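S.K.: This is the content of my_file.cif (mmCIF, C-alpha atoms; chains and numbers go by the auth columns):
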data_final
loop_
_atom_site.group_PDB
_atom_site.id
_atom_site.type_symbol
_atom_site.label_atom_id
_atom_site.label_comp_id
_atom_site.label_asym_id
_atom_site.label_seq_id
_atom_site.Cartn_x
_atom_site.Cartn_y
_atom_site.Cartn_z
_atom_site.B_iso_or_equiv
_atom_site.auth_seq_id
_atom_site.auth_asym_id
ATOM 1 C CA MET A 1 0.000 0.000 0.000 0.00 1 A
ATOM 2 C CA PRO A 2 1.216 3.533 -0.730 0.00 2 A
ATOM 3 C CA LYS A 3 2.097 5.643 2.268 0.00 3 A
ATOM 4 C CA GLY A 4 1.768 9.362 2.826 0.00 4 A
ATOM 5 C CA GLY A 5 0.335 12.069 5.014 0.00 5 A
ATOM 6 C CA LEU A 6 -1.028 15.597 4.779 0.00 6 A
ATOM 7 C CA ILE A 7 0.908 18.830 4.848 0.00 7 A
ATOM 8 C CA TYR A 8 -1.129 21.945 5.693 0.00 8 A
ATOM 9 C CA PRO A 9 -0.069 25.417 4.449 0.00 9 A
ATOM 10 C CA PHE A 10 2.152 27.446 6.743 0.00 10 A
ATOM 11 C CA LEU A 11 2.318 24.737 9.414 0.00 11 A
ATOM 12 C CA LEU A 12 4.905 22.112 10.133 0.00 12 A
ATOM 13 C CA CYS A 13 2.866 18.939 10.520 0.00 13 A
ATOM 14 C CA LEU A 14 3.700 15.363 11.369 0.00 14 A
ATOM 15 C CA ILE A 15 1.048 12.880 10.298 0.00 15 A
ATOM 16 C CA PHE A 16 1.307 9.155 11.000 0.00 16 A
ATOM 17 C CA SER A 17 1.030 7.046 7.888 0.00 17 A
ATOM 18 C CA GLY A 18 1.507 3.337 8.136 0.00 18 A
ATOM 19 C CA ARG A 19 5.120 2.768 9.252 0.00 19 A
ATOM 20 C CA GLY A 20 6.280 6.300 8.421 0.00 20 A
ATOM 21 C CA LEU A 21 5.179 9.871 8.682 0.00 21 A
ATOM 22 C CA PHE A 22 5.340 12.863 6.385 0.00 22 A
ATOM 23 C CA ALA A 23 6.651 16.209 7.572 0.00 23 A
ATOM 24 C CA GLY A 24 7.095 19.371 5.591 0.00 24 A
ATOM 25 C CA ASP A 25 7.187 23.116 5.581 0.00 25 A
ATOM 26 C CA ILE A 26 4.905 24.569 2.906 0.00 26 A
ATOM 27 C CA PRO A 27 6.340 28.141 2.901 0.00 27 A
ATOM 28 C CA ASP A 28 9.530 26.675 1.364 0.00 28 A
ATOM 29 C CA ARG A 29 7.636 24.172 -0.845 0.00 29 A
ATOM 30 C CA ASP A 30 10.956 23.002 -2.326 0.00 30 A
ATOM 31 C CA TYR A 31 11.441 20.042 0.034 0.00 31 A
ATOM 32 C CA ILE A 32 9.307 17.598 1.974 0.00 32 A
ATOM 33 C CA TYR A 33 10.420 14.900 4.392 0.00 33 A
ATOM 34 C CA TYR A 34 9.238 11.366 5.070 0.00 34 A
ATOM 35 C CA GLU A 35 10.314 9.646 8.275 0.00 35 A
ATOM 36 C CA THR A 36 10.285 6.021 9.346 0.00 36 A
ATOM 37 C CA GLU A 37 11.703 4.510 12.518 0.00 37 A
ATOM 38 C CA GLU A 38 15.025 3.908 10.740 0.00 38 A
ATOM 39 C CA ARG A 39 15.397 6.814 8.288 0.00 39 A
ATOM 40 C CA LEU A 40 14.484 10.365 7.334 0.00 40 A
ATOM 41 C CA TYR A 41 14.062 10.924 3.575 0.00 41 A
ATOM 42 C CA GLN A 42 14.161 14.278 1.826 0.00 42 A
ATOM 43 C CA PHE A 43 12.301 14.820 -1.456 0.00 43 A
ATOM 44 C CA GLY A 44 13.231 17.874 -3.505 0.00 44 A
ATOM 45 C CA ALA A 45 11.121 19.604 -6.129 0.00 45 A
ATOM 46 C CA PRO A 46 12.866 20.674 -9.346 0.00 46 A
ATOM 47 C CA GLU A 47 13.611 24.372 -9.668 0.00 47 A
ATOM 48 C CA GLY A 48 10.401 26.251 -10.457 0.00 48 A
ATOM 49 C CA TRP A 49 8.188 23.370 -9.265 0.00 49 A
ATOM 50 C CA TYR A 50 6.345 22.827 -5.973 0.00 50 A
ATOM 51 C CA PHE A 51 4.807 20.017 -3.890 0.00 51 A
ATOM 52 C CA ASP A 52 1.042 19.565 -3.587 0.00 52 A
ATOM 53 C CA ILE A 53 0.508 17.079 -0.764 0.00 53 A
ATOM 54 C CA GLU A 54 -3.149 17.761 0.028 0.00 54 A
ATOM 55 C CA ASN A 55 -4.386 16.933 -3.490 0.00 55 A
ATOM 56 C CA ALA A 56 -1.972 14.003 -3.701 0.00 56 A
ATOM 57 C CA GLN A 57 -3.634 12.456 -0.666 0.00 57 A
ATOM 58 C CA SER A 58 -7.096 12.853 -2.195 0.00 58 A
ATOM 59 C CA GLU A 59 -5.830 10.854 -5.211 0.00 59 A
ATOM 60 C CA GLY A 60 -4.108 8.089 -3.213 0.00 60 A
ATOM 61 C CA LYS A 61 -0.582 9.290 -3.975 0.00 61 A
ATOM 62 C CA SER A 62 2.138 10.194 -1.474 0.00 62 A
ATOM 63 C CA ALA A 63 3.081 13.476 -3.186 0.00 63 A
ATOM 64 C CA ILE A 64 2.567 15.454 -6.384 0.00 64 A
ATOM 65 C CA ILE A 65 5.094 17.903 -7.852 0.00 65 A
ATOM 66 C CA LEU A 66 3.826 20.572 -10.276 0.00 66 A
ATOM 67 C CA PRO A 67 5.409 23.441 -12.221 0.00 67 A
ATOM 68 C CA GLU A 68 4.823 26.908 -10.748 0.00 68 A
ATOM 69 C CA GLY A 69 1.810 28.455 -12.432 0.00 69 A
ATOM 70 C CA SER A 70 0.096 25.061 -12.670 0.00 70 A
ATOM 71 C CA ASN A 71 -2.306 23.532 -10.229 0.00 71 A
ATOM 72 C CA PHE A 72 -3.722 20.104 -9.540 0.00 72 A
ATOM 73 C CA TYR A 73 -6.631 20.700 -11.911 0.00 73 A
ATOM 74 C CA LYS A 74 -4.686 22.277 -14.782 0.00 74 A
ATOM 75 C CA PHE A 75 -1.175 21.172 -15.721 0.00 75 A
ATOM 76 C CA ASP A 76 0.880 20.088 -18.740 0.00 76 A
ATOM 77 C CA MET A 77 3.508 18.171 -16.752 0.00 77 A
ATOM 78 C CA VAL A 78 3.327 16.482 -13.356 0.00 78 A
ATOM 79 C CA ILE A 79 5.453 14.177 -11.202 0.00 79 A
ATOM 80 C CA TYR A 80 3.675 11.738 -8.883 0.00 80 A
ATOM 81 C CA ILE A 81 5.404 10.027 -5.957 0.00 81 A
ATOM 82 C CA TRP A 82 4.374 6.863 -4.101 0.00 82 A
ATOM 83 C CA ILE A 83 6.170 5.272 -1.166 0.00 83 A
ATOM 84 C CA TYR A 84 5.905 1.501 -0.685 0.00 84 A
ATOM 85 C CA SER A 85 7.315 -0.800 1.942 0.00 85 A
ATOM 86 C CA ILE A 86 9.192 -3.683 0.273 0.00 86 A
ATOM 87 C CA GLU A 87 10.586 -5.611 3.190 0.00 87 A
ATOM 88 C CA VAL A 88 10.440 -8.986 1.429 0.00 88 A
ATOM 89 C CA GLU A 89 10.807 -8.102 -2.218 0.00 89 A
ATOM 90 C CA ASN A 90 14.040 -7.119 -3.925 0.00 90 A
ATOM 91 C CA TYR A 91 14.588 -3.992 -6.028 0.00 91 A
ATOM 92 C CA TRP A 92 14.704 -5.622 -9.465 0.00 92 A
ATOM 93 C CA SER A 93 11.684 -7.872 -9.011 0.00 93 A
ATOM 94 C CA PHE A 94 9.666 -4.886 -7.771 0.00 94 A
ATOM 95 C CA ILE A 95 10.575 -2.830 -10.865 0.00 95 A
ATOM 96 C CA THR A 96 9.793 -5.750 -13.173 0.00 96 A
ATOM 97 C CA ARG A 97 6.435 -6.380 -11.525 0.00 97 A
ATOM 98 C CA ASP A 98 5.505 -2.677 -11.537 0.00 98 A
ATOM 99 C CA SER A 99 6.460 -2.154 -15.202 0.00 99 A
ATOM 100 C CA LEU A 100 4.426 -5.248 -16.181 0.00 100 A
ATOM 101 C CA ARG A 101 1.474 -3.841 -14.217 0.00 101 A
ATOM 102 C CA LEU A 102 1.720 -0.577 -16.163 0.00 102 A
ATOM 103 C CA ILE A 103 1.900 -2.364 -19.523 0.00 103 A
ATOM 104 C CA LYS A 104 -1.234 -4.313 -18.609 0.00 104 A
ATOM 105 C CA GLU A 105 -3.014 -1.187 -17.322 0.00 105 A
ATOM 106 C CA TYR A 106 -2.140 0.974 -20.369 0.00 106 A
ATOM 107 C CA PRO A 107 -2.519 -1.037 -23.599 0.00 107 A
ATOM 108 C CA GLY A 108 0.102 0.077 -26.111 0.00 108 A
ATOM 109 C CA LEU A 109 2.518 1.336 -23.442 0.00 109 A
ATOM 110 C CA GLU A 110 6.108 0.422 -24.260 0.00 110 A
ATOM 111 C CA PHE A 111 9.337 1.206 -22.480 0.00 111 A
ATOM 112 C CA SER A 112 12.030 2.400 -24.854 0.00 112 A
ATOM 113 C CA GLY A 113 14.948 3.196 -22.582 0.00 113 A
ATOM 114 C CA ILE A 114 16.479 2.849 -19.162 0.00 114 A
ATOM 115 C CA ASP A 115 18.887 5.147 -17.344 0.00 115 A
ATOM 116 C CA SER A 116 20.057 5.981 -13.844 0.00 116 A
ATOM 117 C CA VAL A 117 20.500 9.163 -11.825 0.00 117 A
ATOM 118 C CA PHE A 118 22.811 9.343 -8.810 0.00 118 A
ATOM 119 C CA TYR A 119 21.232 11.026 -5.782 0.00 119 A
ATOM 120 C CA ASP A 120 24.478 10.861 -3.799 0.00 120 A
ATOM 121 C CA SER A 121 27.989 9.639 -4.543 0.00 121 A
ATOM 122 C CA THR A 122 27.160 5.933 -4.207 0.00 122 A
ATOM 123 C CA HIS A 123 23.371 5.516 -4.563 0.00 123 A
ATOM 124 C CA TYR A 124 21.267 5.824 -7.675 0.00 124 A
ATOM 125 C CA SER A 125 17.720 5.750 -8.926 0.00 125 A
ATOM 126 C CA LEU A 126 16.712 3.803 -11.970 0.00 126 A
ATOM 127 C CA TYR A 127 14.313 5.297 -14.469 0.00 127 A
ATOM 128 C CA LEU A 128 12.446 3.951 -17.462 0.00 128 A
ATOM 129 C CA GLU A 129 11.437 5.979 -20.521 0.00 129 A
ATOM 130 C CA THR A 130 8.265 5.245 -22.455 0.00 130 A
ATOM 131 C CA ALA A 131 8.111 5.066 -26.259 0.00 131 A
ATOM 132 C CA ASP A 132 5.257 7.490 -27.028 0.00 132 A
ATOM 133 C CA PRO A 133 4.484 9.818 -24.095 0.00 133 A
ATOM 134 C CA GLY A 134 1.881 12.517 -24.574 0.00 134 A
ATOM 135 C CA GLY A 135 0.356 10.441 -27.361 0.00 135 A
ATOM 136 C CA PRO A 136 -1.890 7.487 -26.555 0.00 136 A
ATOM 137 C CA TYR A 137 -0.853 7.680 -22.871 0.00 137 A
ATOM 138 C CA ASP A 138 0.558 10.421 -20.615 0.00 138 A
ATOM 139 C CA ILE A 139 3.285 8.439 -18.816 0.00 139 A
ATOM 140 C CA ALA A 140 6.710 9.666 -19.936 0.00 140 A
ATOM 141 C CA PHE A 141 9.050 8.328 -17.221 0.00 141 A
ATOM 142 C CA MET A 142 8.993 5.971 -14.235 0.00 142 A
ATOM 143 C CA GLY A 143 11.676 6.248 -11.550 0.00 143 A
ATOM 144 C CA TYR A 144 12.522 3.836 -8.730 0.00 144 A
ATOM 145 C CA ILE A 145 14.610 4.496 -5.620 0.00 145 A
ATOM 146 C CA LYS A 146 15.220 1.754 -3.055 0.00 146 A
ATOM 147 C CA ALA A 147 16.129 3.223 0.310 0.00 147 A
ATOM 148 C CA GLY A 148 16.090 1.003 3.355 0.00 148 A
ATOM 149 C CA GLU A 149 12.791 -0.873 3.532 0.00 149 A
ATOM 150 C CA GLU A 150 11.020 1.641 1.275 0.00 150 A
ATOM 151 C CA MET A 151 10.663 1.952 -2.475 0.00 151 A
ATOM 152 C CA MET A 152 10.093 5.465 -3.770 0.00 152 A
ATOM 153 C CA ILE A 153 8.273 5.473 -7.110 0.00 153 A
ATOM 154 C CA TYR A 154 8.251 8.575 -9.278 0.00 154 A
ATOM 155 C CA GLN A 155 6.012 8.889 -12.347 0.00 155 A
ATOM 156 C CA CYS A 156 6.196 11.813 -14.770 0.00 156 A
ATOM 157 C CA ASP A 157 3.171 12.458 -16.998 0.00 157 A
ATOM 158 C CA ILE A 158 2.948 14.942 -19.854 0.00 158 A
ATOM 159 C CA LYS A 159 -0.113 16.108 -21.780 0.00 159 A
ATOM 160 C CA ASP A 160 1.694 16.570 -25.109 0.00 160 A
ATOM 161 C CA ARG A 161 5.016 15.505 -26.675 0.00 161 A
ATOM 162 C CA TYR A 162 5.944 19.194 -26.824 0.00 162 A
ATOM 163 C CA TYR A 163 6.804 18.989 -23.090 0.00 163 A
ATOM 164 C CA LEU A 164 9.019 15.884 -23.303 0.00 164 A
ATOM 165 C CA ALA A 165 12.474 17.529 -23.124 0.00 165 A
ATOM 166 C CA GLU A 166 11.504 19.864 -20.271 0.00 166 A
ATOM 167 C CA ALA A 167 9.771 17.038 -18.404 0.00 167 A
ATOM 168 C CA GLN A 168 12.829 14.796 -18.724 0.00 168 A
ATOM 169 C CA ALA A 169 15.130 17.482 -17.322 0.00 169 A
ATOM 170 C CA ARG A 170 12.803 18.199 -14.380 0.00 170 A
ATOM 171 C CA PHE A 171 12.227 14.486 -13.716 0.00 171 A
ATOM 172 C CA ARG A 172 15.972 13.804 -13.557 0.00 172 A
ATOM 173 C CA GLU A 173 16.369 16.833 -11.267 0.00 173 A
ATOM 174 C CA ALA A 174 13.639 15.546 -8.919 0.00 174 A
ATOM 175 C CA LEU A 175 15.327 12.125 -8.727 0.00 175 A
ATOM 176 C CA ALA A 176 18.730 13.730 -8.087 0.00 176 A
ATOM 177 C CA ARG A 177 17.307 15.862 -5.236 0.00 177 A
ATOM 178 C CA PHE A 178 16.218 12.811 -3.211 0.00 178 A
ATOM 179 C CA ARG A 179 18.283 12.275 -0.047 0.00 179 A
ATOM 180 C CA VAL A 180 18.493 9.902 2.875 0.00 180 A
ATOM 181 C CA VAL A 181 19.026 12.586 5.501 0.00 181 A
ATOM 182 C CA LYS A 182 19.405 10.484 8.624 0.00 182 A
ATOM 183 C CA ARG A 183 19.879 6.828 9.425 0.00 183 A
ATOM 184 C CA ASN A 184 19.001 5.517 12.851 0.00 184 A
ATOM 185 C CA THR A 185 22.068 3.614 14.058 0.00 185 A
ATOM 186 C CA GLU A 186 20.605 2.614 17.442 0.00 186 A
ATOM 187 C CA ASN A 187 19.414 -0.977 17.855 0.00 187 A
#
Go through the file and emit its structure as structure tokens.
M.R.:
Amino acid sequence: MPKGGLIYPFLLCLIFSGRGLFAGDIPDRDYIYYETEERLYQFGAPEGWYFDIENAQSEGKSAIILPEGSNFYKFDMVIYIWIYSIEVENYWSFITRDSLRLIKEYPGLEFSGIDSVFYDSTHYSLYLETADPGGPYDIAFMGYIKAGEEMMIYQCDIKDRYYLAEAQARFREALARFRVVKRNTEN
């Protein structure tokens, strides 16, 4: 099940959500944090984009990132984030299973490329590119970050192929801005 919480404007909130909790400071809107017993994760919005947590929650997502000037009801590009616990499953089988789910859910969807983005000097995210985004389907990129017992899934949708280059740059930036801020070393 996806995990998440609510962030209210101008307040620092901590909301319990399954095993973790979301915390964030809306006046900044550039970063949000997700905390579990073992780790604190930082999610960064690309430059000129912002987080919309409240609408994400209403749609069953952990977070939504939108370009400034857009809103949840009117946008040309969007990045969705889900957080899953994958205690038993390994990274590669999760990605395989999720990509097969997407292919089944969106007839005609094909993945045309794979790449990685380092979010620190030794850890990376893997992302998949679709063959025809903004055409028969909106999904342009899927990104996967395994951190501890959690899998962070990023999905970038575009409304038209015109936005593909900009969306790719912002998607890679969002993946690169992810951080594991703190690890609990106590047993």
S.K.: Please check which residues have atoms at most 12 Å from (19.3, 3.1, -15.3) in the file's coordinates, counting only C-alpha atoms, and write them as a list in words.
M.R.: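 Output of the proximity query reads Trp92, Ile95, Gly113, Ile114, Asp115, Ser116, Val117, Phe118, His123, Tyr124, Ser125, Leu126, Tyr127, Leu128, Glu129, Phe141, Met142, Gly143, Tyr144, Ile145, Arg172 and Leu175 of chain A.
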S.K.: Could you tell me, as number ranges by chain, exactly which residues end up selected when the PyMOL selection byres ((chain A and resi 131) around 12) is applied to this structure?
M.R.: A: 103, 108-114, 128-130, 132-141, 161, 164
S.K.: Run the PyMOL selection byres ((chain A and resi 174) around 6) against the file shown and list the residues it catches, as a list in words.
M.R.: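 After applying the PyMOL selection byres ((chain A and resi 174) around 6), what remains is Gly44, Ala45, Pro46, Phe171, Arg172, Glu173, Leu175, Ala176 and Arg177 of chain A.
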S.K.: Within 10 Å of stretch 73-78 of chain A, counting all atoms listed in the file, which residues show up once you throw out same-chain ones fewer than 5 positions away? Write them as a PyMOL selection string, please.
M.R.: chain A and resi 49+55+64-68+134+138-140+155-160+162-164+166-167+170-171
S.K.: I need every residue sitting at most 12 Å from the point (8.5, 1.8, -8.1) (coordinates as in the file, all atoms listed in the file considered), written as a PDB file with C-alpha atoms, in the frame of the given file.
M.R.:
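Result file follows (selection.pdb):
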ATOM      1  CA  MET A   1       0.000   0.000   0.000  1.00  0.00           C
ATOM      2  CA  PRO A   2       1.216   3.533  -0.730  1.00  0.00           C
ATOM      3  CA  TYR A  80       3.675  11.738  -8.883  1.00  0.00           C
ATOM      4  CA  ILE A  81       5.404  10.027  -5.957  1.00  0.00           C
ATOM      5  CA  TRP A  82       4.374   6.863  -4.101  1.00  0.00           C
ATOM      6  CA  ILE A  83       6.170   5.272  -1.166  1.00  0.00           C
ATOM      7  CA  TYR A  84       5.905   1.501  -0.685  1.00  0.00           C
ATOM      8  CA  SER A  85       7.315  -0.800   1.942  1.00  0.00           C
ATOM      9  CA  ILE A  86       9.192  -3.683   0.273  1.00  0.00           C
ATOM     10  CA  GLU A  89      10.807  -8.102  -2.218  1.00  0.00           C
ATOM     11  CA  ASN A  90      14.040  -7.119  -3.925  1.00  0.00           C
ATOM     12  CA  TYR A  91      14.588  -3.992  -6.028  1.00  0.00           C
ATOM     13  CA  TRP A  92      14.704  -5.622  -9.465  1.00  0.00           C
ATOM     14  CA  SER A  93      11.684  -7.872  -9.011  1.00  0.00           C
ATOM     15  CA  PHE A  94       9.666  -4.886  -7.771  1.00  0.00           C
ATOM     16  CA  ILE A  95      10.575  -2.830 -10.865  1.00  0.00           C
ATOM     17  CA  THR A  96       9.793  -5.750 -13.173  1.00  0.00           C
ATOM     18  CA  ARG A  97       6.435  -6.380 -11.525  1.00  0.00           C
ATOM     19  CA  ASP A  98       5.505  -2.677 -11.537  1.00  0.00           C
ATOM     20  CA  SER A  99       6.460  -2.154 -15.202  1.00  0.00           C
ATOM     21  CA  LEU A 100       4.426  -5.248 -16.181  1.00  0.00           C
ATOM     22  CA  ARG A 101       1.474  -3.841 -14.217  1.00  0.00           C
ATOM     23  CA  LEU A 102       1.720  -0.577 -16.163  1.00  0.00           C
ATOM     24  CA  SER A 125      17.720   5.750  -8.926  1.00  0.00           C
ATOM     25  CA  LEU A 126      16.712   3.803 -11.970  1.00  0.00           C
ATOM     26  CA  TYR A 127      14.313   5.297 -14.469  1.00  0.00           C
ATOM     27  CA  LEU A 128      12.446   3.951 -17.462  1.00  0.00           C
ATOM     28  CA  PHE A 141       9.050   8.328 -17.221  1.00  0.00           C
ATOM     29  CA  MET A 142       8.993   5.971 -14.235  1.00  0.00           C
ATOM     30  CA  GLY A 143      11.676   6.248 -11.550  1.00  0.00           C
ATOM     31  CA  TYR A 144      12.522   3.836  -8.730  1.00  0.00           C
ATOM     32  CA  ILE A 145      14.610   4.496  -5.620  1.00  0.00           C
ATOM     33  CA  LYS A 146      15.220   1.754  -3.055  1.00  0.00           C
ATOM     34  CA  ALA A 147      16.129   3.223   0.310  1.00  0.00           C
ATOM     35  CA  GLU A 150      11.020   1.641   1.275  1.00  0.00           C
ATOM     36  CA  MET A 151      10.663   1.952  -2.475  1.00  0.00           C
ATOM     37  CA  MET A 152      10.093   5.465  -3.770  1.00  0.00           C
ATOM     38  CA  ILE A 153       8.273   5.473  -7.110  1.00  0.00           C
ATOM     39  CA  TYR A 154       8.251   8.575  -9.278  1.00  0.00           C
ATOM     40  CA  GLN A 155       6.012   8.889 -12.347  1.00  0.00           C
TER      41      GLN A 155
END
S.K.: Work out how far atom CA of A:Asn71 is from atom CA of A:Leu40, in Å to one decimal.
M.R.: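 Computing it gives 27.6 Å between the two atoms.
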S.K.: Please indicate the distance in Å from atom CA of A:Glu59 to atom CA of A:Val181, rounded to one decimal place.
M.R.: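 Atom-to-atom, atom CA of A:Glu59 to atom CA of A:Val181, that is 27.1 Å.
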S.K.: Any idea what the distance is between atom CA of A:Phe43 and atom CA of A:Asp120?
M.R.: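 Answer for the atom CA of A:Phe43 to atom CA of A:Asp120 separation: 13.0 Å.
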S.K.: My list of candidates is A:Thr36, A:Arg183, A:Tyr31, A:Glu149. Which is closest to A:Tyr50 when distances are computed with all atoms listed in the file?
M.R.: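 Among A:Thr36, A:Arg183, A:Tyr31, A:Glu149, it is A:Tyr31 that comes nearest to A:Tyr50.
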S.K.: Taking into account all atoms listed in the file, which residue in the set A:Tyr33, A:Tyr41, A:Glu105, A:Gln57 is nearest to A:Arg179?
M.R.: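 Checking each of A:Tyr33, A:Tyr41, A:Glu105, A:Gln57 against A:Arg179, counting all atoms listed in the file, the winner is A:Tyr41.
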S.K.: May I ask which of the residues A:Asp52, A:Gln42, A:Glu35, A:Ala165 is the closest one to A:Ser70, counting all atoms listed in the file?
M.R.: A:Asp52
S.K.: Check the smallest atom-to-atom distance from each of A:Phe178, A:Arg39, A:Ile32, A:Glu87 to A:Ser62 using all atoms listed in the file, then report the winner.
M.R.: A:Ile32
